[in-house]
file work_7.txt (compact mmCIF, C-alpha atoms)
# COMPACT_ATOMS: atom_id res chain seq x y z
CA MET A 24 -58.75 43.89 38.86
CA LEU A 25 -57.23 40.62 40.17
CA LYS A 26 -57.38 39.22 43.71
CA ILE A 27 -55.72 35.95 44.69
CA ASP A 28 -57.02 34.49 47.96
CA GLN A 29 -55.31 31.56 49.72
CA LEU A 30 -54.46 29.85 46.43
CA SER A 31 -52.76 26.46 46.54
CA LYS A 32 -51.68 23.80 44.07
CA HIS A 33 -50.58 20.25 44.80
CA PHE A 34 -49.74 17.53 42.31
CA ILE A 35 -50.47 13.81 42.73
CA MET A 36 -48.00 11.48 41.00
CA HIS A 37 -50.11 8.39 40.36
CA ILE A 38 -47.21 6.49 38.80
CA ARG A 39 -45.32 6.99 42.08
CA ASN A 40 -47.85 5.46 44.47
CA ASP A 41 -49.89 8.68 44.55
CA ALA A 42 -46.97 10.68 45.89
CA LYS A 43 -47.94 14.29 46.65
CA ILE A 44 -45.83 17.20 45.37
CA GLU A 45 -46.62 20.58 46.87
CA GLY A 46 -46.39 23.37 44.32
CA PHE A 47 -47.37 26.28 46.56
CA ASP A 48 -49.79 26.99 49.39
CA GLY A 49 -51.73 29.92 50.86
CA ILE A 50 -50.85 32.50 48.20
CA SER A 51 -52.70 35.84 48.49
CA PHE A 52 -52.11 39.14 46.68
CA ALA A 53 -53.93 41.69 44.52
CA VAL A 54 -53.17 43.55 41.28
CA GLN A 55 -54.72 46.87 40.31
CA ALA A 56 -55.15 48.23 36.78
CA GLY A 57 -51.82 49.49 35.46
CA GLU A 58 -49.75 47.53 37.99
CA LEU A 59 -47.21 44.76 37.47
CA VAL A 60 -46.52 42.24 40.22
CA ALA A 61 -43.16 40.50 39.77
CA ILE A 62 -42.57 37.04 41.21
CA THR A 63 -39.03 35.76 41.71
CA GLY A 64 -37.50 32.67 43.27
CA PRO A 65 -35.46 29.57 42.43
CA SER A 66 -36.47 27.06 39.76
CA GLY A 67 -39.05 24.61 41.02
CA SER A 68 -40.48 26.98 43.63
CA GLY A 69 -43.91 27.11 41.96
CA LYS A 70 -43.76 30.43 40.06
CA SER A 71 -44.89 29.13 36.66
CA SER A 72 -47.48 26.86 38.29
CA LEU A 73 -48.98 29.92 39.95
CA LEU A 74 -49.37 31.66 36.58
CA LYS A 75 -50.94 28.54 35.09
CA CYS A 76 -53.47 28.41 37.94
CA ILE A 77 -54.45 32.03 37.29
CA TYR A 78 -54.77 31.30 33.56
CA ARG A 79 -56.53 28.01 34.46
CA THR A 80 -54.15 25.80 32.49
CA TYR A 81 -53.94 24.12 35.92
CA THR A 82 -56.94 23.75 38.22
CA PRO A 83 -56.00 25.04 41.69
CA THR A 84 -56.19 22.61 44.59
CA GLY A 85 -57.68 25.29 46.81
CA GLY A 86 -58.32 29.01 47.10
CA ASP A 87 -59.82 31.58 44.76
CA VAL A 88 -58.81 33.79 41.81
CA TYR A 89 -61.17 36.75 41.51
CA TYR A 90 -61.03 38.70 38.26
CA THR A 91 -63.13 41.78 37.47
CA ASP A 92 -63.88 41.87 33.74
CA SER A 93 -64.45 44.81 31.39
CA GLN A 94 -68.16 44.84 32.25
CA GLY A 95 -67.45 45.19 35.96
CA GLN A 96 -68.46 41.61 36.75
CA THR A 97 -66.25 39.64 39.14
CA VAL A 98 -65.70 35.96 38.35
CA ASN A 99 -63.74 33.29 40.19
CA LEU A 100 -61.25 31.95 37.61
CA ALA A 101 -60.48 29.01 39.89
CA LYS A 102 -64.04 27.70 39.69
CA VAL A 103 -65.79 29.23 36.68
CA GLU A 104 -66.93 27.01 33.79
CA PRO A 105 -64.36 26.25 31.03
CA TRP A 106 -66.35 28.13 28.38
CA GLU A 107 -66.06 31.29 30.46
CA ILE A 108 -62.29 30.84 30.74
CA ILE A 109 -62.06 30.50 26.94
CA ARG A 110 -64.17 33.62 26.45
CA LEU A 111 -61.97 35.67 28.77
CA ARG A 112 -58.79 34.39 27.13
CA ASN A 113 -60.15 35.38 23.73
CA LYS A 114 -61.26 38.82 24.87
CA GLU A 115 -59.32 40.03 27.91
CA ILE A 116 -56.58 37.81 29.33
CA GLY A 117 -53.20 37.31 27.65
CA TYR A 118 -50.35 34.91 28.43
CA VAL A 119 -46.69 34.96 27.39
CA SER A 120 -45.05 31.57 27.93
CA GLN A 121 -41.37 30.70 27.74
CA PHE A 122 -42.05 28.65 24.62
CA PHE A 123 -43.36 29.54 21.16
CA SER A 124 -45.47 27.15 19.10
CA VAL A 125 -47.53 27.98 16.03
CA ILE A 126 -49.00 26.21 13.02
CA PRO A 127 -46.23 25.51 10.47
CA ARG A 128 -46.02 27.51 7.24
CA VAL A 129 -47.69 30.64 8.61
CA SER A 130 -45.61 33.80 8.31
CA ALA A 131 -44.82 36.09 11.23
CA LEU A 132 -46.95 38.86 9.72
CA ASP A 133 -49.91 36.51 9.22
CA ILE A 134 -49.65 35.21 12.79
CA LEU A 135 -50.00 38.68 14.29
CA THR A 136 -52.70 39.58 11.77
CA SER A 137 -54.85 36.51 12.46
CA THR A 138 -54.56 37.01 16.23
CA GLN A 139 -56.33 40.33 15.77
CA THR A 140 -58.89 39.36 13.10
CA ALA A 141 -60.03 36.51 15.38
CA ARG A 142 -61.03 39.26 17.81
CA GLY A 143 -62.94 41.28 15.24
CA VAL A 144 -60.27 43.68 13.93
CA ALA A 145 -60.56 44.45 10.21
CA GLN A 146 -57.99 42.72 8.00
CA GLY A 147 -56.31 45.90 6.75
CA GLU A 148 -56.03 47.46 10.19
CA ALA A 149 -54.79 44.19 11.67
CA ARG A 150 -52.06 43.82 9.06
CA GLU A 151 -50.91 47.40 9.53
CA ARG A 152 -50.71 46.99 13.30
CA ALA A 153 -48.93 43.64 12.89
CA ALA A 154 -46.19 45.34 10.88
CA GLU A 155 -45.96 48.07 13.52
CA TYR A 156 -45.47 45.55 16.34
CA LEU A 157 -42.92 43.48 14.40
CA GLU A 158 -40.94 46.66 13.95
CA LYS A 159 -41.33 47.58 17.63
CA VAL A 160 -39.79 44.29 18.79
CA GLY A 161 -36.93 44.60 16.33
CA ILE A 162 -37.78 41.87 13.83
CA SER A 163 -36.34 42.75 10.43
CA PRO A 164 -38.86 43.38 7.60
CA SER A 165 -36.99 40.71 5.61
CA LEU A 166 -38.36 38.16 8.10
CA TRP A 167 -41.99 39.27 8.19
CA ASP A 168 -43.05 36.88 5.43
CA MET A 169 -40.89 34.04 6.75
CA TYR A 170 -42.01 31.13 8.93
CA PRO A 171 -41.05 31.43 12.64
CA ALA A 172 -39.54 27.93 12.50
CA THR A 173 -36.60 29.58 10.72
CA PHE A 174 -36.15 32.25 13.44
CA SER A 175 -33.54 32.31 16.17
CA GLY A 176 -34.63 31.68 19.75
CA GLY A 177 -34.63 35.39 20.56
CA GLU A 178 -36.61 36.24 17.43
CA LYS A 179 -39.20 33.60 18.29
CA GLN A 180 -39.56 34.98 21.79
CA ARG A 181 -39.96 38.56 20.52
CA LEU A 182 -42.66 37.37 18.11
CA ASN A 183 -44.30 35.47 20.96
CA ILE A 184 -44.40 38.63 23.08
CA ALA A 185 -45.68 40.80 20.22
CA ASN A 186 -48.44 38.26 19.56
CA ALA A 187 -49.61 38.45 23.18
CA LEU A 188 -49.37 42.23 23.51
CA ILE A 189 -50.86 43.25 20.16
CA THR A 190 -54.45 42.68 21.33
CA LYS A 191 -53.81 44.91 24.38
CA PRO A 192 -55.28 42.53 26.98
CA ARG A 193 -56.77 43.90 30.21
CA MET A 194 -54.75 41.35 32.17
CA LEU A 195 -51.44 39.84 31.08
CA LEU A 196 -49.48 36.94 32.54
CA LEU A 197 -45.77 36.86 31.73
CA ASP A 198 -43.51 33.84 32.23
CA GLU A 199 -39.91 35.07 31.97
CA PRO A 200 -40.60 37.30 28.94
CA THR A 201 -37.03 38.64 28.69
CA ALA A 202 -35.12 35.46 29.53
CA SER A 203 -33.69 34.71 26.07
CA LEU A 204 -33.31 38.29 24.84
CA ASP A 205 -30.23 40.45 24.30
CA ALA A 206 -30.04 43.88 25.95
CA ARG A 207 -31.49 45.85 23.03
CA SER A 208 -34.35 43.38 22.55
CA LYS A 209 -35.14 43.64 26.27
CA GLU A 210 -35.40 47.39 25.89
CA TRP A 211 -37.89 47.04 23.01
CA VAL A 212 -40.02 44.55 24.95
CA MET A 213 -39.93 46.55 28.17
CA ASP A 214 -41.07 49.64 26.27
CA LEU A 215 -44.11 47.71 25.00
CA ILE A 216 -44.91 46.42 28.48
CA LEU A 217 -44.60 49.90 29.99
CA ALA A 218 -46.93 51.27 27.30
CA LEU A 219 -49.53 48.62 28.15
CA LYS A 220 -49.22 49.41 31.85
CA ALA A 221 -49.84 53.07 31.07
CA GLU A 222 -53.06 52.05 29.31
CA GLY A 223 -54.24 50.19 32.41
CA THR A 224 -53.28 46.55 31.81
CA ALA A 225 -52.82 44.58 35.04
CA MET A 226 -49.88 42.15 34.93
CA VAL A 227 -48.36 39.28 36.89
CA GLY A 228 -44.92 38.18 35.75
CA VAL A 229 -42.28 35.60 36.62
CA PHE A 230 -38.80 37.11 36.32
CA HIS A 231 -35.16 36.28 36.95
CA ASP A 232 -33.93 39.43 35.18
CA GLU A 233 -33.13 42.10 37.77
CA ILE A 234 -33.11 44.87 35.16
CA ALA A 235 -36.61 43.96 33.99
CA ILE A 236 -37.89 43.76 37.56
CA ARG A 237 -36.58 47.19 38.53
CA THR A 238 -37.83 48.70 35.28
CA LEU A 239 -41.32 47.20 35.25
CA ALA A 240 -42.47 46.04 38.68
CA ASP A 241 -44.69 47.95 41.07
CA HIS A 242 -44.61 45.14 43.64
CA ARG A 243 -42.21 42.25 44.07
CA PHE A 244 -42.61 38.89 45.80
CA GLU A 245 -40.27 35.94 46.21
CA MET A 246 -41.38 32.32 46.39
CA GLN A 247 -39.95 30.83 49.60
CA SER A 248 -40.95 27.49 51.11
CA LYS A 249 -43.98 27.26 48.78
CA GLN A 250 -45.25 30.70 49.81
CA MET A 251 -44.89 34.27 48.51
CA VAL A 252 -42.93 36.77 50.59
CA PRO A 253 -42.95 40.54 49.82
CA VAL A 254 -39.58 41.99 48.79
CA ASP A 255 -38.72 45.66 49.29
CA GLN A 256 -37.09 47.36 46.33
CA GLU A 257 -35.93 50.80 45.37
CA LYS A 258 -37.56 53.03 42.74
CA ASP A 259 -38.42 50.78 39.78
CA TYR A 260 -36.69 52.36 36.85
CA VAL A 261 -33.42 52.31 34.95
CA ASP A 262 -32.41 55.68 33.54
CA GLU A 263 -31.43 55.96 29.89
CA GLU A 264 -27.74 56.64 30.57
CA TRP A 265 -27.41 53.59 32.80
CA PHE A 266 -29.27 51.41 30.29
CA GLU A 267 -26.98 52.57 27.49
CA VAL A 268 -23.98 51.40 29.52
CA TYR A 269 -25.72 48.09 30.23
CA ALA A 270 -26.72 47.60 26.57
CA ASN A 271 -23.14 48.18 25.40
CA GLY A 272 -21.69 45.78 27.94

call {"tool": "encode", "arguments": {"input": "work_7.txt", "output": "structure tokens"}}
result
Amino acid sequence: MLKIDQLSKHFIMHIRNDAKIEGFDGISFAVQAGELVAITGPSGSGKSSLLKCIYRTYTPTGGDVYYTDSQGQTVNLAKVEPWEIIRLRNKEIGYVSQFFSVIPRVSALDILTSTQTARGVAQGEARERAAEYLEKVGISPSLWDMYPATFSGGEKQRLNIANALITKPRMLLLDEPTASLDARSKEWVMDLILALKAEGTAMVGVFHDEIAIRTLADHRFEMQSKQMVPVDQEKDYVDEEWFEVYANG
């Protein structure tokens, strides 16, 4: 579904005499339907920049990002026109960032509802599914009609994840989705991600959480010296008994 070929990103700092900062160089990998590729590495190694180049928040310096859409057409996300990027984001490609920002004075339930109605889902069905997802990520019903500005950091992140997953995108980009979550919240979120994988969603995620990596990832790479290096790992799961011990400290 996704093929990255020799992708690179460099930044030019014009206020610093056009100094060049190398984000990453020569990145190549592929993701099939139902797979999750996990990317690890130290801060500043280019992990988030790679996701932004796939999503086209950043324009790559070089290389190609081939995506096969729901109609079987392959497009180069690195070079396609902006209107096509917007169309694919609206219909097929989701993104979970580390930060959550929404219009003020819109309730959590209305946020998840409007995300769906914008894609053609009927109001009643959208509202019902919104409630279902809020429950799945452990947000109390007493908060559903509240504004996310009043939420804790973990609650905001769970809402952020629910908002990205509720449309069931064909491809999903995840930037540290479990970073600010407690153990039980991580379990809820990982269950949702596993369910999407089972339905065929292709995913690329940046992770520092070893539990999430071993639970979710089919393939693992580490950013080293501006490039991606494959990492061998054991069977990617955490059994329920072990997780219960982890969740209870």

call {"tool": "residues_around", "arguments": {"input": "work_7.txt", "residues": "Ala221 in chain A", "least_positions_apart": "4", "cutoff": "9 Å", "atoms": "only C-alpha atoms", "output": "short mmCIF file (atom, residue, chain, number, x, y, z; two decimals) with C-alpha atoms, keeping the file's coordinate frame"}}
result
data_model
loop_
_atom_site.label_atom_id
_atom_site.label_comp_id
_atom_site.auth_asym_id
_atom_site.auth_seq_id
_atom_site.Cartn_x
_atom_site.Cartn_y
_atom_site.Cartn_z
CA GLY A 57 -51.82 49.49 35.46
CA GLU A 58 -49.75 47.53 37.99
CA ILE A 216 -44.91 46.42 28.48
CA LEU A 217 -44.60 49.90 29.99
#

call {"tool": "residues_around", "arguments": {"input": "work_7.txt", "residues": "Val160 in chain A", "least_positions_apart": "4", "cutoff": "10 Å", "atoms": "only C-alpha atoms", "output": "ChimeraX atom specification"}}
result
/A:155-156,178,180-182,184-185,207-215

call {"tool": "residues_around", "arguments": {"input": "work_7.txt", "residues": "Leu132 in chain A", "least_positions_apart": "4", "cutoff": "8 Å", "atoms": "only C-alpha atoms", "output": "MDAnalysis selection string"}}
result
chainID A and resid 136 150 153:154 157 167:168

call {"tool": "atom_distance", "arguments": {"input": "work_7.txt", "atom1": "CA of Gly161 in chain A", "atom2": "CA of Ile134 in chain A"}}
result
16.2 Å

call {"tool": "atom_distance", "arguments": {"input": "work_7.txt", "atom1": "CA of Val227 in chain A", "atom2": "CA of Arg112 in chain A"}}
result
15.1 Å

call {"tool": "residues_near_point", "arguments": {"input": "work_7.txt", "point": "(-33.2, 34.6, 21.7)", "cutoff": "7 Å", "atoms": "only C-alpha atoms", "output": "list in words"}}
result
Ser175, Gly176, Gly177, Glu178, Lys179, Gln180, Ser203 and Leu204 of chain A

call {"tool": "atom_distance", "arguments": {"input": "work_7.txt", "atom1": "CA of Arg193 in chain A", "atom2": "CA of Leu30 in chain A"}}
result
21.6 Å

call {"tool": "closest_residue", "arguments": {"input": "work_7.txt", "among": "A:Ala101, A:Leu166, A:Ala240, A:Leu219", "to": "Asp133 in chain A", "atoms": "all atoms listed in the file"}}
result
A:Leu166

call {"tool": "closest_residue", "arguments": {"input": "work_7.txt", "among": "A:Gly143, A:Met194, A:Phe174, A:Phe47", "to": "Tyr118 in chain A", "atoms": "only C-alpha atoms"}}
result
A:Met194

call {"tool": "closest_residue", "arguments": {"input": "work_7.txt", "among": "A:Leu100, A:Pro171, A:Ile236, A:Gly85", "to": "Val254 in chain A", "atoms": "only C-alpha atoms"}}
result
A:Ile236

call {"tool": "closest_residue", "arguments": {"input": "work_7.txt", "among": "A:Pro192, A:Pro164, A:Pro83, A:Gly147", "to": "Lys114 in chain A", "atoms": "only C-alpha atoms"}}
result
A:Pro192

call {"tool": "axis_aligned_box", "arguments": {"input": "work_7.txt", "around": "range 26-29 of chain A", "padding_each_side": "8 Å", "output": "AutoDock Vina command-line options"}}
result
--center_x -56.3 --center_y 35.4 --center_z 46.7 --size_x 18.1 --size_y 23.7 --size_z 22.0

call {"tool": "closest_residue", "arguments": {"input": "work_7.txt", "among": "A:Gln96, A:Ser248, A:Thr173, A:Ser163", "to": "Ile50 in chain A", "atoms": "all atoms listed in the file"}}
result
A:Ser248

call {"tool": "closest_residue", "arguments": {"input": "work_7.txt", "among": "A:Val144, A:Phe34, A:Phe52, A:His242", "to": "Thr82 in chain A", "atoms": "all atoms listed in the file"}}
result
A:Phe34
